[in-house]
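Structure file target-v1.csv (CSV, C-alpha atoms and all ligand atoms) is printed below.
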```
chain,number,residue,atom,x,y,z
C,1,MET,CA,-59.2,-20.2,-209.5
C,2,ALA,CA,-62.7,-20.0,-211.0
C,3,LEU,CA,-61.4,-21.4,-214.2
C,4,LEU,CA,-59.4,-24.1,-212.5
C,5,LYS,CA,-62.6,-25.1,-210.6
C,6,LYS,CA,-64.5,-25.3,-213.9
C,7,ILE,CA,-61.8,-27.5,-215.4
C,8,LEU,CA,-61.7,-29.7,-212.3
C,9,ASP,CA,-65.5,-30.0,-212.5
C,10,LEU,CA,-65.1,-31.4,-216.0
C,11,ILE,CA,-62.7,-34.1,-214.7
C,12,TYR,CA,-64.6,-34.8,-211.4
C,13,PRO,CA,-68.3,-34.1,-211.9
C,14,PRO,CA,-69.7,-31.9,-209.1
C,15,GLN,CA,-71.4,-34.7,-207.3
C,16,GLU,CA,-68.1,-36.4,-206.7
C,17,TYR,CA,-67.6,-34.6,-203.4
C,18,CYS,CA,-67.6,-36.4,-200.1
C,19,TYR,CA,-70.9,-35.8,-198.4
C,20,ASN,CA,-69.2,-35.8,-195.1
C,21,CYS,CA,-66.1,-33.7,-195.4
C,22,SER,CA,-66.8,-32.0,-198.8
C,23,LYS,CA,-63.4,-32.9,-200.2
C,24,ARG,CA,-63.2,-34.1,-203.8
C,25,ILE,CA,-63.3,-37.9,-204.2
C,26,ASP,CA,-60.4,-39.3,-206.2
C,27,TYR,CA,-61.5,-42.8,-205.8
C,28,SER,CA,-64.1,-44.5,-203.8
C,29,GLU,CA,-66.2,-47.5,-204.7
C,30,LEU,CA,-68.9,-46.0,-202.7
C,31,ASN,CA,-70.4,-42.9,-204.2
C,32,HIS,CA,-70.5,-39.7,-202.1
C,33,LEU,CA,-68.1,-40.9,-199.4
C,34,CYS,CA,-64.3,-40.6,-199.4
C,35,VAL,CA,-62.0,-43.3,-198.1
C,36,THR,CA,-60.7,-41.1,-195.2
C,37,CYS,CA,-64.3,-40.7,-193.9
C,38,LEU,CA,-65.2,-44.3,-194.5
C,39,LYS,CA,-62.2,-45.3,-192.3
C,40,LYS,CA,-63.6,-43.3,-189.4
C,41,ILE,CA,-66.9,-45.2,-189.3
C,42,ASP,CA,-67.3,-47.2,-186.1
C,43,PHE,CA,-68.5,-50.5,-187.5
C,44,ILE,CA,-70.1,-52.8,-184.9
C,45,GLU,CA,-68.1,-55.9,-184.2
C,46,GLU,CA,-69.0,-56.9,-180.6
C,47,PHE,CA,-72.8,-57.0,-180.4
C,48,CYS,CA,-75.8,-58.4,-178.7
C,49,GLU,CA,-76.5,-61.8,-180.3
C,50,LYS,CA,-80.2,-61.0,-180.5
C,51,CYS,CA,-80.7,-57.4,-181.4
C,52,GLY,CA,-77.2,-56.5,-182.8
C,53,ARG,CA,-76.7,-53.5,-180.5
C,54,GLU,CA,-73.0,-52.8,-179.7
C,55,LEU,CA,-72.0,-54.4,-176.4
C,56,ALA,CA,-69.0,-54.3,-174.1
C,57,ASP,CA,-66.5,-57.2,-174.4
C,58,GLY,CA,-67.6,-60.5,-173.1
C,59,GLU,CA,-71.4,-59.8,-172.9
C,60,GLU,CA,-73.6,-61.8,-175.2
C,61,ILE,CA,-77.1,-60.5,-174.7
C,62,CYS,CA,-78.0,-57.0,-173.8
C,63,ALA,CA,-80.1,-56.0,-170.8
C,64,GLY,CA,-83.1,-55.0,-173.1
C,65,CYS,CA,-83.3,-58.4,-174.8
C,66,LEU,CA,-82.9,-60.2,-171.5
C,67,ALA,CA,-85.8,-58.2,-170.0
C,68,THR,CA,-88.1,-58.7,-173.1
C,69,GLU,CA,-87.0,-61.1,-175.8
C,70,PRO,CA,-87.8,-59.7,-179.2
C,71,VAL,CA,-90.1,-61.7,-181.5
C,72,TYR,CA,-87.8,-61.4,-184.6
C,73,SER,CA,-85.1,-64.0,-185.0
C,74,LEU,CA,-82.1,-61.8,-185.2
C,75,ALA,CA,-81.3,-58.1,-185.8
C,76,ARG,CA,-78.0,-56.6,-187.0
C,77,SER,CA,-77.0,-53.0,-187.6
C,78,ILE,CA,-73.8,-52.0,-189.2
C,79,ALA,CA,-72.6,-49.0,-187.1
C,80,VAL,CA,-73.3,-47.0,-184.0
C,81,TYR,CA,-75.4,-43.8,-184.5
C,82,GLU,CA,-72.6,-41.3,-183.7
C,83,GLY,CA,-69.9,-39.3,-185.4
C,84,ILE,CA,-69.9,-39.5,-189.2
C,85,PHE,CA,-72.8,-41.8,-189.5
C,86,ARG,CA,-75.0,-39.6,-187.3
C,87,ASP,CA,-74.1,-36.5,-189.5
C,88,LEU,CA,-74.7,-38.4,-192.7
C,89,ILE,CA,-78.0,-39.8,-191.6
C,90,ILE,CA,-79.2,-36.3,-190.6
C,91,LYS,CA,-78.1,-35.0,-194.1
C,92,TYR,CA,-79.9,-37.9,-195.7
C,93,LYS,CA,-83.2,-37.5,-193.9
C,94,TYR,CA,-83.4,-33.8,-193.4
C,95,THR,CA,-81.3,-31.9,-196.0
C,96,GLY,CA,-82.2,-33.6,-199.2
C,97,LYS,CA,-79.0,-35.6,-199.7
C,98,LYS,CA,-81.2,-38.4,-201.0
C,99,GLU,CA,-78.4,-40.0,-203.0
C,100,LEU,CA,-76.8,-41.3,-199.8
C,101,TYR,CA,-79.1,-44.3,-200.0
C,102,ARG,CA,-76.6,-45.9,-202.4
C,103,PRO,CA,-73.5,-45.9,-200.2
C,104,PHE,CA,-75.7,-46.8,-197.2
C,105,SER,CA,-77.1,-49.9,-198.8
C,106,HIS,CA,-73.7,-50.9,-200.2
C,107,LEU,CA,-72.4,-50.7,-196.7
C,108,MET,CA,-75.2,-52.9,-195.5
C,109,LEU,CA,-74.4,-55.6,-198.1
C,110,PRO,CA,-71.5,-57.3,-196.2
C,111,TYR,CA,-73.7,-57.5,-193.1
C,112,PHE,CA,-76.4,-59.1,-195.2
C,113,ASN,CA,-74.0,-61.6,-196.7
C,114,LEU,CA,-72.6,-62.5,-193.3
C,115,TYR,CA,-75.8,-62.9,-191.3
C,116,PHE,CA,-78.8,-63.3,-193.7
C,117,LYS,CA,-77.6,-64.7,-197.0
C,118,GLU,CA,-78.1,-68.3,-195.8
C,119,LYS,CA,-81.5,-67.7,-194.1
C,120,GLY,CA,-83.6,-68.3,-197.2
C,121,ILE,CA,-85.0,-64.8,-197.2
C,122,ASP,CA,-88.1,-64.5,-199.5
C,123,TYR,CA,-88.7,-60.8,-199.3
C,124,ILE,CA,-87.1,-57.6,-198.2
C,125,ILE,CA,-89.7,-55.4,-196.6
C,126,PRO,CA,-88.9,-51.8,-195.6
C,127,ILE,CA,-90.4,-50.2,-192.5
C,128,PRO,CA,-93.0,-47.8,-194.0
C,129,LEU,CA,-93.4,-44.2,-193.1
C,130,HIS,CA,-96.8,-42.8,-192.4
C,131,GLN,CA,-98.0,-41.2,-195.7
C,132,ASN,CA,-98.1,-37.7,-194.0
C,133,ARG,CA,-94.5,-37.9,-193.1
C,134,GLU,CA,-93.4,-39.3,-196.5
C,135,LYS,CA,-95.3,-36.5,-198.2
C,136,LYS,CA,-93.5,-34.0,-196.0
C,137,ARG,CA,-90.0,-35.5,-196.6
C,138,GLY,CA,-90.7,-36.3,-200.3
C,139,PHE,CA,-89.2,-39.7,-200.1
C,140,ASN,CA,-89.1,-42.8,-197.8
C,141,GLN,CA,-85.4,-43.0,-196.8
C,142,VAL,CA,-85.8,-46.7,-195.7
C,143,GLY,CA,-87.6,-47.6,-198.9
C,144,LEU,CA,-84.8,-46.3,-201.0
C,145,MET,CA,-82.2,-48.3,-199.1
C,146,ALA,CA,-84.3,-51.5,-199.2
C,147,GLY,CA,-84.8,-51.0,-203.0
C,148,GLU,CA,-81.0,-50.8,-203.5
C,149,LEU,CA,-80.5,-53.8,-201.3
C,150,THR,CA,-82.9,-55.7,-203.5
C,151,GLN,CA,-80.8,-54.8,-206.5
C,152,LEU,CA,-77.6,-55.9,-204.8
C,153,THR,CA,-79.0,-59.2,-203.5
C,154,GLY,CA,-81.6,-60.2,-206.1
C,155,ILE,CA,-84.2,-60.8,-203.3
C,156,PRO,CA,-87.5,-59.2,-204.2
C,157,LEU,CA,-88.7,-56.0,-202.5
C,158,LEU,CA,-92.2,-56.2,-201.1
C,159,ALA,CA,-94.0,-53.1,-199.7
C,160,GLY,CA,-95.8,-55.6,-197.4
C,161,LEU,CA,-96.5,-53.3,-194.5
C,162,VAL,CA,-98.4,-50.1,-194.2
C,163,ARG,CA,-98.3,-47.5,-191.4
C,164,VAL,CA,-101.8,-46.8,-190.4
C,165,LYS,CA,-101.0,-44.6,-187.4
C,166,ASP,CA,-98.5,-41.7,-187.4
C,167,SER,CA,-96.3,-41.9,-184.3
C,168,PRO,CA,-94.2,-39.3,-182.7
C,169,PRO,CA,-90.4,-40.0,-182.3
C,170,LEU,CA,-90.0,-42.6,-179.6
C,171,TYR,CA,-86.6,-41.8,-178.2
C,172,ASN,CA,-87.7,-39.7,-175.3
C,173,LEU,CA,-90.6,-41.9,-174.3
C,174,SER,CA,-90.6,-44.5,-171.5
C,175,THR,CA,-90.9,-48.2,-172.4
C,176,GLU,CA,-94.6,-48.3,-171.6
C,177,GLU,CA,-95.3,-45.1,-173.6
C,178,ARG,CA,-93.4,-46.5,-176.6
C,179,LEU,CA,-95.4,-49.7,-176.6
C,180,ARG,CA,-98.7,-47.8,-176.3
C,181,VAL,CA,-97.7,-45.4,-179.2
C,182,ILE,CA,-96.4,-48.1,-181.5
C,183,THR,CA,-99.0,-50.8,-181.0
C,184,GLY,CA,-101.4,-50.9,-183.9
C,185,CYS,CA,-99.2,-48.7,-186.1
C,186,PHE,CA,-98.7,-51.3,-188.8
C,187,ASN,CA,-100.9,-53.5,-191.0
C,188,ILE,CA,-100.2,-56.0,-193.7
C,189,VAL,CA,-101.1,-54.5,-197.0
C,190,ALA,CA,-104.1,-56.2,-198.7
C,191,ASN,CA,-103.2,-59.1,-201.0
C,192,ALA,CA,-99.6,-59.5,-199.6
C,193,ASN,CA,-99.2,-63.2,-199.1
C,194,LEU,CA,-96.6,-63.7,-196.4
C,195,ARG,CA,-97.7,-67.1,-195.1
C,196,ASP,CA,-94.6,-69.2,-194.4
C,197,LYS,CA,-92.3,-66.6,-195.9
C,198,THR,CA,-89.0,-65.6,-194.4
C,199,ILE,CA,-88.7,-61.8,-194.2
C,200,LEU,CA,-85.9,-59.4,-193.9
C,201,LEU,CA,-87.1,-56.1,-192.4
C,202,VAL,CA,-85.1,-53.0,-193.2
C,203,ASP,CA,-85.0,-49.9,-191.1
C,204,ASP,CA,-82.6,-46.9,-190.8
C,205,ILE,CA,-82.1,-46.6,-187.0
C,206,LEU,CA,-82.7,-49.1,-184.3
C,207,THR,CA,-83.2,-47.2,-181.1
C,208,THR,CA,-85.2,-49.1,-178.6
C,209,GLY,CA,-86.2,-51.8,-181.1
C,210,THR,CA,-89.8,-51.2,-180.3
C,211,THR,CA,-90.7,-50.3,-183.9
C,212,VAL,CA,-89.0,-53.3,-185.6
C,213,ASN,CA,-90.4,-55.6,-182.9
C,214,GLU,CA,-94.0,-54.4,-183.5
C,215,ALA,CA,-93.6,-54.7,-187.2
C,216,SER,CA,-92.1,-58.2,-186.8
C,217,ALA,CA,-95.1,-59.2,-184.5
C,218,VAL,CA,-97.5,-58.0,-187.2
C,219,LEU,CA,-95.7,-60.0,-189.9
C,220,LEU,CA,-95.6,-63.1,-187.8
C,221,ASN,CA,-99.1,-63.0,-186.2
C,222,GLN,CA,-101.2,-61.4,-188.9
C,223,GLY,CA,-99.1,-62.3,-191.9
C,224,LYS,CA,-98.2,-65.8,-190.6
C,225,ALA,CA,-94.7,-65.3,-191.8
C,226,ARG,CA,-92.3,-68.1,-190.9
C,227,ALA,CA,-89.5,-65.9,-189.5
C,228,VAL,CA,-88.4,-62.2,-189.5
C,229,TYR,CA,-84.9,-60.9,-189.6
C,230,VAL,CA,-83.9,-57.3,-189.2
C,231,LEU,CA,-81.2,-55.2,-190.8
C,232,THR,CA,-80.8,-51.6,-189.8
C,233,LEU,CA,-78.2,-49.1,-190.9
C,234,VAL,CA,-77.3,-48.0,-187.3
C,235,SER,CA,-78.3,-48.6,-183.7
C,236,ILE,CA,-78.2,-46.4,-180.7
C,301,ZN,ZN,-64.8,-37.4,-196.7
C,302,ZN,ZN,-80.1,-57.0,-177.4
```

As structure tokens, how would this structure be written, given the file I've shared?
Ligand SMILES: [Zn+2]
Ligand SMILES: [Zn+2]
Amino acid sequence: MALLKKILDLIYPPQEYCYNCSKRIDYSELNHLCVTCLKKIDFIEEFCEKCGRELADGEEICAGCLATEPVYSLARSIAVYEGIFRDLIIKYKYTGKKELYRPFSHLMLPYFNLYFKEKGIDYIIPIPLHQNREKKRGFNQVGLMAGELTQLTGIPLLAGLVRVKDSPPLYNLSTEERLRVITGCFNIVANANLRDKTILLVDDILTTGTTVNEASAVLLNQGKARAVYVLTLVSI
């Protein structure tokens, strides 16, 4: 068996295993994910018109957006944070499966084409990590996906935002606490000219939307951007 495995490794290089189910990949246009696993992904089709969160049939705007309308123009995410996607994102962020940025951004592309291609986007801007966290993780998971999306769309990448305050995870905080923690987290980087530009913000997970909303507010108010759109990999 050891010899057979060596021979198989020559035919299928070792990286050609599915990162989800560990089976060898015979054919997949997306590196690191097999077709069986791709078919299990719960892509979002019914969503809040504003924030892109999955909604029950018939609803158009979610309760969150009705209560406080986000300042960005439109947000979309491609899948719900559960099942395979949840497992893969955990592998991506915490177990060094850095290469997953490629299939992730390739999966984002159809959503980009559907919702943002005609919006006249000038720059793709990733939500930045605080430098302490980036140093700890060794890479910025959002920056990698945004970079690949730049390659796929031809729209320039701009590291236009900097995170000046490190914030704890927001998911177990109340709405008021989230706002308090996130306010003042972002600044526009010196010499980034965003005036009248249309921006696509990229993030990995949209939970409450507080983070992308704060970043959008900074881009619009400080940067004088014309409009901000948001594309995230998943939403909760
Ligand atoms: Zn698989
Ligand atoms: Zn909404």

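With all atoms listed in the file as the atoms that count, the minimum distance from Gln131 (chain C) to the choices C:Val162, C:Leu66, C:Val228, C:Leu220 is reached by C:Val162.
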
### Task
Name the residues, by chain letter and number, that sit within 6 Å of ligand ZN 301 (chain C) using only C-alpha atoms and all ligand atoms, and give them as JSON, numbers by chain.
{"C": [18, 20, 21, 23, 33, 34, 36, 37]}

#### Entry: At most 7 Å from ligand ZN 302 (chain C) (only C-alpha atoms and all ligand atoms): residue list as a PyMOL selection string
chain C and resi 48-53+61-65

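Using only C-alpha atoms for every distance, the candidate list C:Ile236, C:Leu38, C:Ile89, C:Leu231 yields C:Leu231 as the residue closest to Leu114 (chain C).
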
#### Entry: Exercise: Val189 (chain C) partners within 8 Å, all atoms listed in the file, chain neighbours under 5 positions left out, as a VMD selection string
chain C and resid 159 to 162

### Query
Quick one, how far is CA of Ser167 (chain C) from CA of Glu99 (chain C)?
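Going from CA of Ser167 (chain C) over to CA of Glu99 (chain C) covers 26.0 Å.
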
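Taking CA of Asn31 (chain C) and CA of Arg102 (chain C) as the two end points, the separation is 7.1 Å.
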
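Distance annotation: of C:Asp57, C:Lys224, C:Ile155, C:Tyr19, the residue with the minimal separation from Gly120 (chain C) is C:Ile155; atom set is all atoms listed in the file.
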
#### Entry: Polymer residues at most 8 Å from region 192-207 of chain C, all atoms listed in the file, same-chain spacing of 3 or more positions, as a VMD selection string
chain C and resid 77 81 119 to 127 141 to 142 146 160 171 188 to 189 210 212 216 219 223 to 236

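Atom pair CA of Asp166 (chain C) / CA of Thr208 (chain C): separated by 17.6 Å.
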
### Message
My list of candidates is C:Glu176, C:Glu54, C:Glu45, C:Glu148. Which is closest to Tyr101 (chain C) when distances are computed with all atoms listed in the file?
### Response
C:Glu148

### Query
Given the choices C:Pro156, C:Leu129, C:Asn221, C:Tyr115, which gets closest to Pro169 (chain C) if the distance is worked out from all atoms listed in the file?
C:Leu129

### Summary
For Phe186 (chain C), the closest of C:His32, C:Lys93, C:His130, C:Lys136 counting only C-alpha atoms is C:His130

### Residues near Gly184 (chain C), cut-off 9 Å, only C-alpha atoms, skip fewer than 6 positions along chain, as a PyMOL selection string
chain C and resi 163-165+214+218

Could you write out the selected residues, including C-alpha atoms, as an mmCIF file, keeping the file's coordinate frame?
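Saved to again04.cif:
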```
data_model
loop_
_atom_site.group_PDB
_atom_site.id
_atom_site.type_symbol
_atom_site.label_atom_id
_atom_site.label_comp_id
_atom_site.auth_asym_id
_atom_site.auth_seq_id
_atom_site.Cartn_x
_atom_site.Cartn_y
_atom_site.Cartn_z
ATOM 1 C CA ARG C 163 -98.300 -47.500 -191.400
ATOM 2 C CA VAL C 164 -101.800 -46.800 -190.400
ATOM 3 C CA LYS C 165 -101.000 -44.600 -187.400
ATOM 4 C CA GLU C 214 -94.000 -54.400 -183.500
ATOM 5 C CA VAL C 218 -97.500 -58.000 -187.200
#
```

Using the incomplete input, complete region 20-39 of chain C to the level of N, CA and C atoms; output as a PDB file, in the coordinates of the input.
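As a result, part07.pdb now contains:
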```pdb
ATOM      1  N   ASN C  20     -69.554 -36.068-196.446  1.00  0.00           N
ATOM      2  CA  ASN C  20     -69.200 -35.800-195.100  1.00  0.00           C
ATOM      3  C   ASN C  20     -68.227 -34.636-194.934  1.00  0.00           C
ATOM      4  N   CYS C  21     -67.103 -34.701-195.640  1.00  0.00           N
ATOM      5  CA  CYS C  21     -66.100 -33.700-195.400  1.00  0.00           C
ATOM      6  C   CYS C  21     -65.943 -32.693-196.557  1.00  0.00           C
ATOM      7  N   SER C  22     -66.730 -32.878-197.617  1.00  0.00           N
ATOM      8  CA  SER C  22     -66.800 -32.000-198.800  1.00  0.00           C
ATOM      9  C   SER C  22     -65.534 -31.963-199.629  1.00  0.00           C
ATOM     10  N   LYS C  23     -64.594 -32.862-199.350  1.00  0.00           N
ATOM     11  CA  LYS C  23     -63.400 -32.900-200.200  1.00  0.00           C
ATOM     12  C   LYS C  23     -63.785 -33.689-201.501  1.00  0.00           C
ATOM     13  N   ARG C  24     -63.032 -33.360-202.563  1.00  0.00           N
ATOM     14  CA  ARG C  24     -63.200 -34.100-203.800  1.00  0.00           C
ATOM     15  C   ARG C  24     -62.853 -35.568-203.606  1.00  0.00           C
ATOM     16  N   ILE C  25     -63.584 -36.439-204.260  1.00  0.00           N
ATOM     17  CA  ILE C  25     -63.300 -37.900-204.200  1.00  0.00           C
ATOM     18  C   ILE C  25     -62.425 -38.260-205.357  1.00  0.00           C
ATOM     19  N   ASP C  26     -61.234 -38.749-205.092  1.00  0.00           N
ATOM     20  CA  ASP C  26     -60.400 -39.300-206.200  1.00  0.00           C
ATOM     21  C   ASP C  26     -60.872 -40.641-206.586  1.00  0.00           C
ATOM     22  N   TYR C  27     -61.007 -41.469-205.553  1.00  0.00           N
ATOM     23  CA  TYR C  27     -61.500 -42.800-205.800  1.00  0.00           C
ATOM     24  C   TYR C  27     -62.207 -43.367-204.659  1.00  0.00           C
ATOM     25  N   SER C  28     -63.387 -43.826-204.881  1.00  0.00           N
ATOM     26  CA  SER C  28     -64.100 -44.500-203.800  1.00  0.00           C
ATOM     27  C   SER C  28     -65.132 -45.417-204.545  1.00  0.00           C
ATOM     28  N   GLU C  29     -65.209 -46.642-204.098  1.00  0.00           N
ATOM     29  CA  GLU C  29     -66.200 -47.500-204.700  1.00  0.00           C
ATOM     30  C   GLU C  29     -67.608 -47.120-204.272  1.00  0.00           C
ATOM     31  N   LEU C  30     -67.662 -46.418-203.172  1.00  0.00           N
ATOM     32  CA  LEU C  30     -68.900 -46.000-202.700  1.00  0.00           C
ATOM     33  C   LEU C  30     -69.135 -44.512-203.073  1.00  0.00           C
ATOM     34  N   ASN C  31     -70.122 -44.232-203.845  1.00  0.00           N
ATOM     35  CA  ASN C  31     -70.400 -42.900-204.200  1.00  0.00           C
ATOM     36  C   ASN C  31     -70.612 -41.982-203.019  1.00  0.00           C
ATOM     37  N   HIS C  32     -70.145 -40.778-203.098  1.00  0.00           N
ATOM     38  CA  HIS C  32     -70.500 -39.700-202.100  1.00  0.00           C
ATOM     39  C   HIS C  32     -69.700 -39.812-200.790  1.00  0.00           C
ATOM     40  N   LEU C  33     -68.849 -40.802-200.625  1.00  0.00           N
ATOM     41  CA  LEU C  33     -68.100 -40.900-199.400  1.00  0.00           C
ATOM     42  C   LEU C  33     -66.612 -41.132-199.707  1.00  0.00           C
ATOM     43  N   CYS C  34     -65.726 -40.361-199.080  1.00  0.00           N
ATOM     44  CA  CYS C  34     -64.300 -40.600-199.400  1.00  0.00           C
ATOM     45  C   CYS C  34     -63.733 -41.639-198.447  1.00  0.00           C
ATOM     46  N   VAL C  35     -62.592 -42.158-198.845  1.00  0.00           N
ATOM     47  CA  VAL C  35     -62.000 -43.300-198.100  1.00  0.00           C
ATOM     48  C   VAL C  35     -61.615 -42.834-196.686  1.00  0.00           C
ATOM     49  N   THR C  36     -61.122 -41.601-196.537  1.00  0.00           N
ATOM     50  CA  THR C  36     -60.700 -41.100-195.200  1.00  0.00           C
ATOM     51  C   THR C  36     -61.957 -41.152-194.263  1.00  0.00           C
ATOM     52  N   CYS C  37     -63.093 -40.696-194.749  1.00  0.00           N
ATOM     53  CA  CYS C  37     -64.300 -40.700-193.900  1.00  0.00           C
ATOM     54  C   CYS C  37     -64.794 -42.108-193.644  1.00  0.00           C
ATOM     55  N   LEU C  38     -64.729 -42.953-194.655  1.00  0.00           N
ATOM     56  CA  LEU C  38     -65.200 -44.300-194.500  1.00  0.00           C
ATOM     57  C   LEU C  38     -64.374 -45.021-193.351  1.00  0.00           C
ATOM     58  N   LYS C  39     -63.091 -44.699-193.305  1.00  0.00           N
ATOM     59  CA  LYS C  39     -62.200 -45.300-192.300  1.00  0.00           C
ATOM     60  C   LYS C  39     -62.579 -44.895-190.876  1.00  0.00           C
TER      61      LYS C  39
END
```
